[in-house]
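J.: I have a structure here, written as structure tokens, and I will follow up with some questions on it.
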Amino acid sequence: MQRFAIAPGYEISRVIRGGWQLAGGHGAIDADAAVDDMIAFADAGITTFDCADIYTGVEELIGRFRLAYGRLRGAEALSRIRVHTKFVPDLTVLPTIDKAYVESVIDTSRKRLNLETLDLVQFHWWALDVPGWLETAGWLRELSEEGRIGKVSLTNFDTDHVAAIIEAGVPVASLQLQYSLLDRRPEKRMADLARDKGFALFCYGTVAGGFLSDRWLGQVEPEHPLENRSLTKYKLIIDDFGGWDLFQSLLATLRRIADRHGTDIATVASAALLTKPAVAAVIVGARNRSHLPANLAISDIALDGSDHAALDAVLAEALPLDGDVYALERDRTGRHGSIMKYNLNKGESK
């Protein structure tokens with residue numbers, strides 16, 4: 001597994017294990033089995049884990065895993081484990097948020113994860129037209145200075161607001177954002193800002209909720225309603241990308257590349273993102289260890305010039321998605337934003 005230093009002394013695996021599929025709303029979870037699965041990921045080299053205060057039960061599971069891993073593998077092995085959580089205040093909280101609220105949520109995450117200092121906290125703000133996001137970022141910086149947070153990071157902020165937070169003196173370590181062969185909004189401005197300011201990009205959605213996989217190659221276009229909200233979300237991206245026929249052309253191209261490398265479409269789709277400027281890691285959703293070999297293969301594939309040329313030829317026909325990072329999703333009355341859940345700390349599932 002390739003590793004990447006996003007800052008001196010802070011190294012991550014280039015494939016990050018996502019925790020959303022372990023959250024409430026995805027079916028019953030066997031806690032002991034979940035911990036065993038995390039141990040298998042860590043032993044295999046995927047030593048960085050992503051979670052959030054809004055992923056019901058996941059911080060507690062990762063906290064259990066950390067205790068078990070330290071007990072079984074020792075302090076040195078445990079020191080390689082990185083846990084990236086999120087601070088996501090509900091939409092209804094934004095107008096009245098204060099530092100005491102921020103402190104209480106961060107302290108809850110520390111308790112759940114059994115961490116005195118949270119490794120890295122990714123801050124999300126649902127509505128940028130509601131004041132308070134810059135002040136809240138400053139409070140997170142203060143908590144970092146106090147030792148409750150290691151690195152302050154962001155998720156789903158657009159380029160202008162990331163730049164403003166950095167300009168205000170908040171040391172942004174990374175930005176988690178949606179980035180895939182279908183959704184290249186980060187290439188408009190964000191990748192350049194990341195290179196200029198020295199923060200890392202962590203990419204989710206690299207397989208578009210499963211659409212970028214062999215399962216969908218040669219399939220007829222699905223009709224609404226789709227199986228789940230994740231598929232609905234990414235089908236909208238496919239529509240905006242250029243439609244089902246162009247999507248099938250992309251899948252066919254990915255399949256030919258996968259054949260040359262002896263792997264599958266999803267692995268190539270994620271591996272392609274690791275070659276993008278400023279991208280430090282991709283986040284893979286995993287309910288268990290069943291796809292661990294494929295997850296490990298993501299950082300092993302060396303795409304060559306002919307692979308990139310084949311992808312570029314298809315992508316040249318695609319339509320650019322509107323707006324900056326997460327702009328479509330922030331329009332709460334639009335096609336993309338209307339399917340989002342905005343008050344997740346009150347028990348809604350993502």
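Going through the structure tokens in order, the chains are called A, B, and so on, while each chain numbers its residues from 1 and the ligands are numbered from 1 in the order shown.
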Counting only C-alpha atoms, what are the residues of segment 101-130 of chain A within 7 Å of segment 39-59 of chain A, and for each of them which pair of atoms is the nearest and at what distance in Å, to one decimal? Sort the table by chain and rising number, as CSV.
T.:
```
residue,atom,partner,partner_atom,distance
A:Ser109,CA,A:Asp53,CA,6.5
A:Arg112,CA,A:Glu59,CA,5.6
A:Leu113,CA,A:Glu59,CA,5.5
```
J.: What is the atom CA of Val325 of chain A-atom CA of Pro186 of chain A distance in Å, reported with one decimal?
T.: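 Atom CA of Val325 of chain A sits 5.9 Å away from atom CA of Pro186 of chain A.
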J.: Sort by chain and increasing residue number a table of all residues of segment 225-319 of chain A within 10 Å of segment 196-218 of chain A, each with its closest pair of atoms and their distance in Å to one decimal, counting only C-alpha atoms, and write it as a tab-separated table.
T.:
```
residue	atom	partner	partner_atom	distance
A:Asn228	CA	A:Gly209	CA	9.8
A:Arg229	CA	A:Gly209	CA	9.5
A:Ser230	CA	A:Gly209	CA	5.9
A:Leu231	CA	A:Gly209	CA	5.9
A:Thr232	CA	A:Gly209	CA	9.1
A:Lys233	CA	A:Gly209	CA	8.3
A:Tyr234	CA	A:Ala208	CA	5.5
A:Lys235	CA	A:Phe211	CA	8.0
A:Ile237	CA	A:Ala208	CA	8.4
A:Ile238	CA	A:Ala208	CA	8.9
A:Asp245	CA	A:Gly218	CA	9.8
A:Phe247	CA	A:Leu212	CA	8.9
A:Gln248	CA	A:Leu217	CA	6.4
A:Ser249	CA	A:Leu217	CA	9.1
A:Leu250	CA	A:Leu212	CA	8.8
A:Leu251	CA	A:Leu217	CA	6.0
A:Ala252	CA	A:Leu217	CA	6.9
A:Leu254	CA	A:Leu212	CA	8.8
A:Arg255	CA	A:Asp214	CA	7.6
A:Asp264	CA	A:Asp214	CA	6.9
A:Ile265	CA	A:Ser213	CA	5.0
A:Ala266	CA	A:Ser213	CA	4.7
A:Thr267	CA	A:Ser213	CA	8.3
A:Val268	CA	A:Ser213	CA	9.3
A:Ala269	CA	A:Val207	CA	6.4
A:Ser270	CA	A:Thr206	CA	5.4
A:Ala271	CA	A:Thr206	CA	9.0
A:Ala272	CA	A:Thr206	CA	9.0
A:Leu273	CA	A:Thr206	CA	7.3
A:Leu274	CA	A:Cys203	CA	9.0
A:Lys276	CA	A:Leu201	CA	9.7
A:Pro277	CA	A:Leu201	CA	8.9
A:Ala278	CA	A:Ala200	CA	5.8
A:Val279	CA	A:Leu201	CA	4.6
A:Ala280	CA	A:Ala200	CA	5.6
A:Ala281	CA	A:Phe202	CA	5.0
A:Val282	CA	A:Cys203	CA	4.7
A:Ile283	CA	A:Tyr204	CA	5.2
A:Val284	CA	A:Tyr204	CA	7.2
A:Gly285	CA	A:Tyr204	CA	8.6
```
J.: Name the closest residue to Val93 of chain A among the candidates A:Thr159, A:Ala28, A:Tyr342, A:Met1; distances are taken between atoms, counting only C-alpha atoms.
T.: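 Distance minimum relative to Val93 of chain A lands on A:Tyr342.
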J.: Check the smallest atom-to-atom distance from each of A:Asp30, A:Asp37, A:Glu145, A:Glu329 to Ala286 of chain A using only C-alpha atoms, then report the winner.
T.: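 Selected residue with least distance to Ala286 of chain A: A:Asp37.
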J.: Tell me which protein, DNA and RNA residues are within 7 Å of Arg330 of chain A, counting only C-alpha atoms, leaving out same-chain ones fewer than 4 positions away, and put them as a list in words.
T.: Ala127, Tyr326 and Gly337 of chain A
J.: How far is it from atom CA of Arg73 of chain A to atom CA of Leu115 of chain A, in Å with one decimal?
T.: 17.5 Å
J.: From the list A:Ala258, A:Ala327, A:Ala68, A:Leu94, which residue is nearest Gln178 of chain A when using only C-alpha atoms?
T.: A:Ala327
J.: Name the residues of segment 180-266 of chain A that come out as strand (DSSP E or B) in a backbone DSSP run; write them as a ChimeraX atom specification.
T.: /A:200-204
J.: To one decimal place in Å, what is the distance between atom CA of Gln176 of chain A and atom CA of Val162 of chain A?
T.: 11.5 Å
J.: List every residue of segment 153-271 of chain A that DSSP, applied to the backbone, labels as helix (DSSP H, G or I), and write the result as a compact mmCIF listing (two decimals) with N, CA and C atoms, in the first residue's frame.
T.:
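So the final result, stored in part.txt, reads:
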```txt
# COMPACT_ATOMS: atom_id res chain seq x y z
N THR A 159 -14.01 26.55 -3.64
CA THR A 159 -12.67 27.12 -3.73
C THR A 159 -12.56 28.46 -3.01
N ASP A 160 -13.53 29.35 -3.23
CA ASP A 160 -13.45 30.67 -2.62
C ASP A 160 -13.47 30.59 -1.10
N HIS A 161 -14.29 29.71 -0.56
CA HIS A 161 -14.40 29.63 0.89
C HIS A 161 -13.19 28.93 1.52
N VAL A 162 -12.62 27.94 0.82
CA VAL A 162 -11.37 27.35 1.32
C VAL A 162 -10.29 28.42 1.37
N ALA A 163 -10.19 29.20 0.29
CA ALA A 163 -9.18 30.26 0.24
C ALA A 163 -9.38 31.27 1.38
N ALA A 164 -10.64 31.61 1.67
CA ALA A 164 -10.93 32.58 2.73
C ALA A 164 -10.54 32.03 4.10
N ILE A 165 -10.79 30.75 4.32
CA ILE A 165 -10.45 30.14 5.61
C ILE A 165 -8.93 30.12 5.79
N ILE A 166 -8.21 29.78 4.74
CA ILE A 166 -6.75 29.78 4.82
C ILE A 166 -6.24 31.21 5.03
N GLU A 167 -6.81 32.17 4.32
CA GLU A 167 -6.40 33.56 4.44
C GLU A 167 -6.62 34.08 5.87
N ARG A 185 -15.30 18.48 -11.27
CA ARG A 185 -15.38 19.86 -10.81
C ARG A 185 -14.13 20.34 -10.07
N PRO A 186 -13.44 19.47 -9.29
CA PRO A 186 -12.23 19.95 -8.60
C PRO A 186 -11.13 20.44 -9.55
N GLU A 187 -11.17 20.00 -10.82
CA GLU A 187 -10.13 20.40 -11.76
C GLU A 187 -10.29 21.83 -12.25
N MET A 190 -10.06 24.06 -7.76
CA MET A 190 -9.64 23.57 -6.44
C MET A 190 -8.27 22.90 -6.47
N ALA A 191 -7.98 22.13 -7.50
CA ALA A 191 -6.69 21.44 -7.54
C ALA A 191 -5.54 22.43 -7.55
N ASP A 192 -5.71 23.53 -8.28
CA ASP A 192 -4.66 24.55 -8.31
C ASP A 192 -4.48 25.20 -6.94
N LEU A 193 -5.60 25.49 -6.26
CA LEU A 193 -5.50 26.07 -4.93
C LEU A 193 -4.80 25.11 -3.97
N ALA A 194 -5.14 23.83 -4.06
CA ALA A 194 -4.51 22.83 -3.19
C ALA A 194 -3.00 22.79 -3.40
N ARG A 195 -2.58 22.84 -4.64
CA ARG A 195 -1.14 22.84 -4.92
C ARG A 195 -0.49 24.12 -4.42
N ASP A 196 -1.17 25.25 -4.63
CA ASP A 196 -0.59 26.53 -4.23
C ASP A 196 -0.47 26.67 -2.72
N LYS A 197 -1.49 26.19 -1.99
CA LYS A 197 -1.54 26.37 -0.54
C LYS A 197 -1.05 25.15 0.24
N ALA A 208 -18.58 6.33 -7.96
CA ALA A 208 -19.93 6.84 -8.18
C ALA A 208 -21.01 5.92 -7.61
N GLY A 209 -20.83 5.57 -6.35
CA GLY A 209 -21.83 4.75 -5.68
C GLY A 209 -21.97 3.35 -6.25
N GLY A 210 -20.97 2.90 -7.02
CA GLY A 210 -21.01 1.58 -7.63
C GLY A 210 -21.31 1.60 -9.12
N ASP A 214 -18.08 -3.12 -13.06
CA ASP A 214 -18.48 -4.09 -14.09
C ASP A 214 -19.96 -4.40 -14.05
N ARG A 215 -20.57 -4.21 -12.91
CA ARG A 215 -22.00 -4.52 -12.77
C ARG A 215 -22.85 -3.76 -13.78
N TRP A 216 -22.44 -2.53 -14.13
CA TRP A 216 -23.27 -1.68 -14.98
C TRP A 216 -22.85 -1.68 -16.44
N ARG A 229 -30.62 6.05 -2.18
CA ARG A 229 -30.37 7.46 -2.44
C ARG A 229 -28.97 7.70 -3.02
N SER A 230 -28.02 6.82 -2.69
CA SER A 230 -26.68 6.95 -3.25
C SER A 230 -26.71 6.77 -4.76
N LEU A 231 -27.43 5.75 -5.23
CA LEU A 231 -27.54 5.54 -6.68
C LEU A 231 -28.28 6.71 -7.33
N THR A 232 -29.31 7.22 -6.67
CA THR A 232 -30.03 8.38 -7.20
C THR A 232 -29.08 9.56 -7.37
N LYS A 233 -28.27 9.79 -6.35
CA LYS A 233 -27.31 10.90 -6.36
C LYS A 233 -26.35 10.80 -7.54
N TYR A 234 -25.78 9.63 -7.74
CA TYR A 234 -24.76 9.50 -8.78
C TYR A 234 -25.36 9.32 -10.18
N LYS A 235 -26.61 8.85 -10.25
CA LYS A 235 -27.26 8.81 -11.57
C LYS A 235 -27.47 10.24 -12.07
N LEU A 236 -27.75 11.17 -11.18
CA LEU A 236 -27.86 12.58 -11.59
C LEU A 236 -26.53 13.08 -12.15
N ILE A 237 -25.42 12.64 -11.56
CA ILE A 237 -24.10 13.02 -12.07
C ILE A 237 -23.90 12.45 -13.47
N ILE A 238 -24.30 11.20 -13.68
CA ILE A 238 -24.19 10.59 -15.01
C ILE A 238 -25.01 11.36 -16.04
N ASP A 239 -26.22 11.76 -15.66
CA ASP A 239 -27.06 12.55 -16.56
C ASP A 239 -26.36 13.83 -16.97
N ASP A 240 -25.76 14.52 -15.99
CA ASP A 240 -25.09 15.78 -16.27
C ASP A 240 -23.77 15.59 -17.01
N PHE A 241 -23.14 14.46 -16.83
CA PHE A 241 -21.88 14.11 -17.49
C PHE A 241 -22.05 13.99 -19.00
N TRP A 244 -26.39 8.28 -20.56
CA TRP A 244 -26.10 6.86 -20.40
C TRP A 244 -25.19 6.30 -21.49
N ASP A 245 -25.37 6.73 -22.74
CA ASP A 245 -24.54 6.19 -23.81
C ASP A 245 -23.08 6.57 -23.63
N LEU A 246 -22.81 7.82 -23.27
CA LEU A 246 -21.43 8.22 -23.03
C LEU A 246 -20.87 7.51 -21.80
N PHE A 247 -21.70 7.34 -20.79
CA PHE A 247 -21.29 6.59 -19.60
C PHE A 247 -20.88 5.17 -19.98
N GLN A 248 -21.65 4.52 -20.85
CA GLN A 248 -21.30 3.18 -21.29
C GLN A 248 -19.99 3.16 -22.07
N SER A 249 -19.72 4.21 -22.83
CA SER A 249 -18.44 4.30 -23.53
C SER A 249 -17.28 4.38 -22.53
N LEU A 250 -17.49 5.13 -21.46
CA LEU A 250 -16.47 5.22 -20.42
C LEU A 250 -16.26 3.86 -19.76
N LEU A 251 -17.35 3.16 -19.44
CA LEU A 251 -17.21 1.84 -18.83
C LEU A 251 -16.48 0.87 -19.76
N ALA A 252 -16.78 0.91 -21.04
CA ALA A 252 -16.12 0.01 -21.99
C ALA A 252 -14.62 0.31 -22.06
N THR A 253 -14.28 1.59 -22.03
CA THR A 253 -12.86 1.97 -22.02
C THR A 253 -12.17 1.50 -20.75
N LEU A 254 -12.83 1.69 -19.62
CA LEU A 254 -12.28 1.22 -18.36
C LEU A 254 -12.10 -0.29 -18.35
N ARG A 255 -13.04 -1.00 -18.99
CA ARG A 255 -12.94 -2.46 -19.04
C ARG A 255 -11.72 -2.90 -19.84
N ARG A 256 -11.44 -2.21 -20.96
CA ARG A 256 -10.26 -2.55 -21.75
C ARG A 256 -8.97 -2.28 -20.98
N ILE A 257 -8.95 -1.18 -20.25
CA ILE A 257 -7.78 -0.88 -19.41
C ILE A 257 -7.65 -1.92 -18.30
N ALA A 258 -8.76 -2.28 -17.69
CA ALA A 258 -8.74 -3.29 -16.62
C ALA A 258 -8.23 -4.62 -17.13
N ASP A 259 -8.61 -4.98 -18.36
CA ASP A 259 -8.13 -6.24 -18.95
C ASP A 259 -6.61 -6.24 -19.07
N ARG A 260 -6.05 -5.10 -19.45
CA ARG A 260 -4.59 -5.03 -19.61
C ARG A 260 -3.88 -5.17 -18.27
N HIS A 261 -4.54 -4.74 -17.22
CA HIS A 261 -3.91 -4.77 -15.90
C HIS A 261 -4.38 -5.93 -15.04
N ILE A 265 -13.13 -2.76 -13.31
CA ILE A 265 -13.43 -1.38 -13.65
C ILE A 265 -13.31 -0.47 -12.44
N ALA A 266 -13.89 -0.86 -11.32
CA ALA A 266 -13.90 0.00 -10.14
C ALA A 266 -12.48 0.30 -9.67
N THR A 267 -11.61 -0.69 -9.71
CA THR A 267 -10.23 -0.49 -9.27
C THR A 267 -9.51 0.51 -10.17
N VAL A 268 -9.71 0.41 -11.48
CA VAL A 268 -9.08 1.35 -12.41
C VAL A 268 -9.64 2.75 -12.21
N ALA A 269 -10.95 2.85 -12.01
CA ALA A 269 -11.58 4.17 -11.83
C ALA A 269 -11.02 4.89 -10.62
N SER A 270 -10.77 4.16 -9.54
CA SER A 270 -10.18 4.79 -8.35
C SER A 270 -8.69 5.06 -8.54
N ALA A 271 -8.00 4.12 -9.18
CA ALA A 271 -6.56 4.30 -9.41
C ALA A 271 -6.29 5.54 -10.25
```
